[in-house]
Amino acid sequence: MTANWAAFATAEPDLAGTVEKRFGAYTHHVLATLRKDGSPRTSGLEVRFLNGELWLGMMPDSLKALDLRRDPRFALQANPGEGTGMGGGDVRISGRAIEVDDVATKARYVEEVEPPEPFHLFRTELTEVVRTYVEDDTYLVVQVWKPGAPLRTIKRT
């Protein structure tokens with residue numbers, strides 16, 4: 001089961017707001033894809049939250065774009081920032097990236113973002129959103145959301 005960003009934000013608006021804030025704190029994040037041989041590849045990436053979608057834009061024929069064309073599964077981790085503070089916690093999104101070839105959709109994206117052209121554009125279908133943070137210097141808190149399921153919160157000491 002998957003959901004787009006709007007469905008997640010409707011189901012869990014507080015967590016969605018926190019996740020967007022974490023991704024908005026820095027420009028570059030880490031994308032994990034699968035290579036031809038099945039081994040993982042990590043790459044830097046900028047992301048955008050626009051019109052109810054989480055978008056991934058990439059340079060033409062970049063290895064990460066070719067990976068996603070072959071196997072759309074991905075994991076995306078927000079830049080944790082400097083030092084060890086991790087203000088707002090560690091956030092990760094997993095799902096599938098679907099390449100967008102629709103001219104009108106790409107034109108709307110270009111109007112908003114003004115990326116260097118040409119480029120690959122992928123919209124995401126989420127399978128999991130996870131936030132991990134420390135509460136009261138005592139608990140490690142893990143929040144896990146999956147489409148069709150309630151938010152799970154796990155606290156560990």
# chains A, B, ... in the order shown; residues from 1 in each chain; ligands from 1
$ select_by_dssp --residues "stretch 69-156 of chain A" --states "alpha helix (DSSP H)" --output "PDB file with C-alpha atoms, in the first residue's frame"
ATOM      1  CA  ARG A  69      13.799   3.941 -13.691  1.00  0.00           C
ATOM      2  CA  ARG A  70      14.936   0.339 -13.256  1.00  0.00           C
ATOM      3  CA  VAL A 103       4.523  17.977 -20.150  1.00  0.00           C
ATOM      4  CA  ALA A 104       1.955  20.059 -18.230  1.00  0.00           C
ATOM      5  CA  THR A 105       3.023  18.627 -14.856  1.00  0.00           C
ATOM      6  CA  LYS A 106       6.697  19.241 -15.602  1.00  0.00           C
ATOM      7  CA  ALA A 107       5.897  22.778 -16.777  1.00  0.00           C
ATOM      8  CA  ARG A 108       4.122  23.544 -13.460  1.00  0.00           C
ATOM      9  CA  TYR A 109       7.145  22.169 -11.579  1.00  0.00           C
ATOM     10  CA  VAL A 110       9.534  24.296 -13.678  1.00  0.00           C
ATOM     11  CA  GLU A 111       7.408  27.377 -12.989  1.00  0.00           C
ATOM     12  CA  GLU A 112       7.665  26.798  -9.217  1.00  0.00           C
ATOM     13  CA  VAL A 113      11.211  25.478  -8.853  1.00  0.00           C
TER      14      VAL A 113
END
$ residues_around --residues "A:Ala9" --least-positions-apart "4" --cutoff "12 Å" --atoms "only C-alpha atoms" --output "list of chain:residue names"
A:Ala3, A:Asn4, A:Trp5, A:Pro13, A:Asp14, A:Leu15, A:Ala16, A:Gly17, A:Thr18, A:Val19, A:Glu20, A:Phe49, A:Asn51, A:Gly52, A:Glu53, A:Leu54, A:Leu126, A:Val129, A:Trp145, A:Pro147
$ residues_around --residues "A:Glu128" --least-positions-apart "6" --cutoff "12 Å" --atoms "only C-alpha atoms" --output "PyMOL selection string"
chain A and resi 1-5+8+16+73-77+91-96+143-152
$ select_by_dssp --residues "chain A" --states "strand (DSSP E)" --output "ChimeraX atom specification"
/A:29-34,40-45,47-50,53-58,73-77,90-99,120-135,139-145,152-156
$ closest_residue --among "A:Leu50, A:Leu68, A:Val30, A:Phe119" --to "A:Ala6" --atoms "only C-alpha atoms"
A:Leu50
$ atom_distance --atom1 "atom CA of A:Ile98" --atom2 "atom CA of A:Tyr26"
24.0 Å
$ residues_around --residues "A:Leu34" --least-positions-apart "2" --cutoff "9 Å" --atoms "only C-alpha atoms" --output "list in words"
Ala32, Lys36, Asp37, Gly38, Ser39, Pro40, Arg41, Thr42, Lys64, Asp67, Leu68, Arg70, Asp71, Pro72, Arg73 and Phe74 of chain A
$ atom_distance --atom1 "atom CA of A:Lys155" --atom2 "atom CA of A:Asp90"
14.8 Å
$ atom_distance --atom1 "atom CA of A:Ala97" --atom2 "atom CA of A:Pro118"
18.3 Å
$ decode --residues "stretch 117-129 of chain A" --atoms "all heavy atoms" --output "compact mmCIF listing (two decimals), in the first residue's frame"
# COMPACT_ATOMS: atom_id res chain seq x y z
N GLU A 117 17.52 22.76 -16.82
CA GLU A 117 16.92 21.79 -17.75
C GLU A 117 17.96 21.27 -18.71
O GLU A 117 18.93 21.96 -18.97
CB GLU A 117 15.76 22.46 -18.49
CG GLU A 117 14.62 22.84 -17.55
CD GLU A 117 13.38 23.27 -18.29
OE1 GLU A 117 12.87 22.45 -19.07
OE2 GLU A 117 12.95 24.41 -18.09
N PRO A 118 17.79 20.09 -19.22
CA PRO A 118 16.72 19.13 -18.96
C PRO A 118 16.91 18.45 -17.60
O PRO A 118 17.98 18.55 -16.99
CB PRO A 118 16.86 18.12 -20.11
CG PRO A 118 18.31 18.14 -20.44
CD PRO A 118 18.77 19.57 -20.18
N PHE A 119 15.88 17.75 -17.16
CA PHE A 119 15.96 17.05 -15.88
C PHE A 119 14.94 15.92 -15.83
O PHE A 119 14.00 15.89 -16.62
CB PHE A 119 15.70 18.04 -14.72
CG PHE A 119 14.30 18.58 -14.67
CD1 PHE A 119 13.38 18.04 -13.79
CD2 PHE A 119 13.90 19.60 -15.51
CE1 PHE A 119 12.08 18.53 -13.74
CE2 PHE A 119 12.62 20.10 -15.47
CZ PHE A 119 11.70 19.56 -14.58
N HIS A 120 15.17 14.99 -14.91
CA HIS A 120 14.20 13.94 -14.62
C HIS A 120 13.37 14.42 -13.43
O HIS A 120 13.91 15.02 -12.49
CB HIS A 120 14.89 12.63 -14.18
CG HIS A 120 15.70 11.99 -15.27
ND1 HIS A 120 15.13 11.33 -16.33
CD2 HIS A 120 17.03 11.90 -15.43
CE1 HIS A 120 16.09 10.85 -17.11
NE2 HIS A 120 17.26 11.19 -16.59
N LEU A 121 12.08 14.13 -13.46
CA LEU A 121 11.20 14.48 -12.35
C LEU A 121 10.46 13.23 -11.92
O LEU A 121 9.88 12.52 -12.75
CB LEU A 121 10.20 15.56 -12.77
CG LEU A 121 9.23 16.02 -11.69
CD1 LEU A 121 9.98 16.66 -10.51
CD2 LEU A 121 8.21 17.01 -12.28
N PHE A 122 10.51 12.97 -10.62
CA PHE A 122 9.81 11.82 -10.04
C PHE A 122 8.87 12.31 -8.95
O PHE A 122 9.25 13.13 -8.13
CB PHE A 122 10.81 10.83 -9.41
CG PHE A 122 11.73 10.18 -10.39
CD1 PHE A 122 12.90 10.82 -10.81
CD2 PHE A 122 11.46 8.93 -10.90
CE1 PHE A 122 13.77 10.22 -11.69
CE2 PHE A 122 12.32 8.32 -11.81
CZ PHE A 122 13.48 8.96 -12.20
N ARG A 123 7.64 11.79 -8.93
CA ARG A 123 6.75 12.00 -7.80
C ARG A 123 6.84 10.75 -6.95
O ARG A 123 7.20 9.68 -7.44
CB ARG A 123 5.33 12.32 -8.22
CG ARG A 123 4.58 11.18 -8.81
CD ARG A 123 3.10 11.52 -9.04
NE ARG A 123 2.47 10.35 -9.58
CZ ARG A 123 2.12 9.28 -8.88
NH1 ARG A 123 2.31 9.25 -7.58
NH2 ARG A 123 1.59 8.24 -9.46
N THR A 124 6.54 10.88 -5.68
CA THR A 124 6.74 9.75 -4.78
C THR A 124 5.43 9.15 -4.30
O THR A 124 4.42 9.84 -4.16
CB THR A 124 7.57 10.17 -3.56
OG1 THR A 124 6.88 11.21 -2.86
CG2 THR A 124 8.95 10.66 -3.98
N GLU A 125 5.47 7.87 -4.07
CA GLU A 125 4.40 7.12 -3.40
C GLU A 125 5.03 6.57 -2.13
O GLU A 125 5.97 5.78 -2.19
CB GLU A 125 3.90 5.99 -4.29
CG GLU A 125 3.24 6.49 -5.56
CD GLU A 125 2.78 5.36 -6.46
OE1 GLU A 125 3.18 4.19 -6.24
OE2 GLU A 125 2.02 5.64 -7.40
N LEU A 126 4.54 7.03 -0.99
CA LEU A 126 5.16 6.69 0.30
C LEU A 126 4.72 5.31 0.79
O LEU A 126 3.54 4.96 0.69
CB LEU A 126 4.78 7.72 1.36
CG LEU A 126 4.93 9.19 0.96
CD1 LEU A 126 4.54 10.08 2.12
CD2 LEU A 126 6.32 9.49 0.49
N THR A 127 5.67 4.58 1.35
CA THR A 127 5.36 3.31 2.02
C THR A 127 5.65 3.40 3.51
O THR A 127 5.14 2.59 4.28
CB THR A 127 6.16 2.13 1.42
OG1 THR A 127 7.55 2.43 1.48
CG2 THR A 127 5.75 1.88 -0.03
N GLU A 128 6.47 4.40 3.92
CA GLU A 128 6.80 4.54 5.33
C GLU A 128 7.43 5.92 5.58
O GLU A 128 8.21 6.41 4.78
CB GLU A 128 7.77 3.45 5.76
CG GLU A 128 8.12 3.46 7.23
CD GLU A 128 9.05 2.33 7.60
OE1 GLU A 128 10.21 2.33 7.14
OE2 GLU A 128 8.61 1.44 8.34
N VAL A 129 7.08 6.50 6.72
CA VAL A 129 7.71 7.73 7.21
C VAL A 129 8.12 7.45 8.65
O VAL A 129 7.29 6.98 9.44
CB VAL A 129 6.77 8.94 7.13
CG1 VAL A 129 7.45 10.18 7.69
CG2 VAL A 129 6.31 9.18 5.69
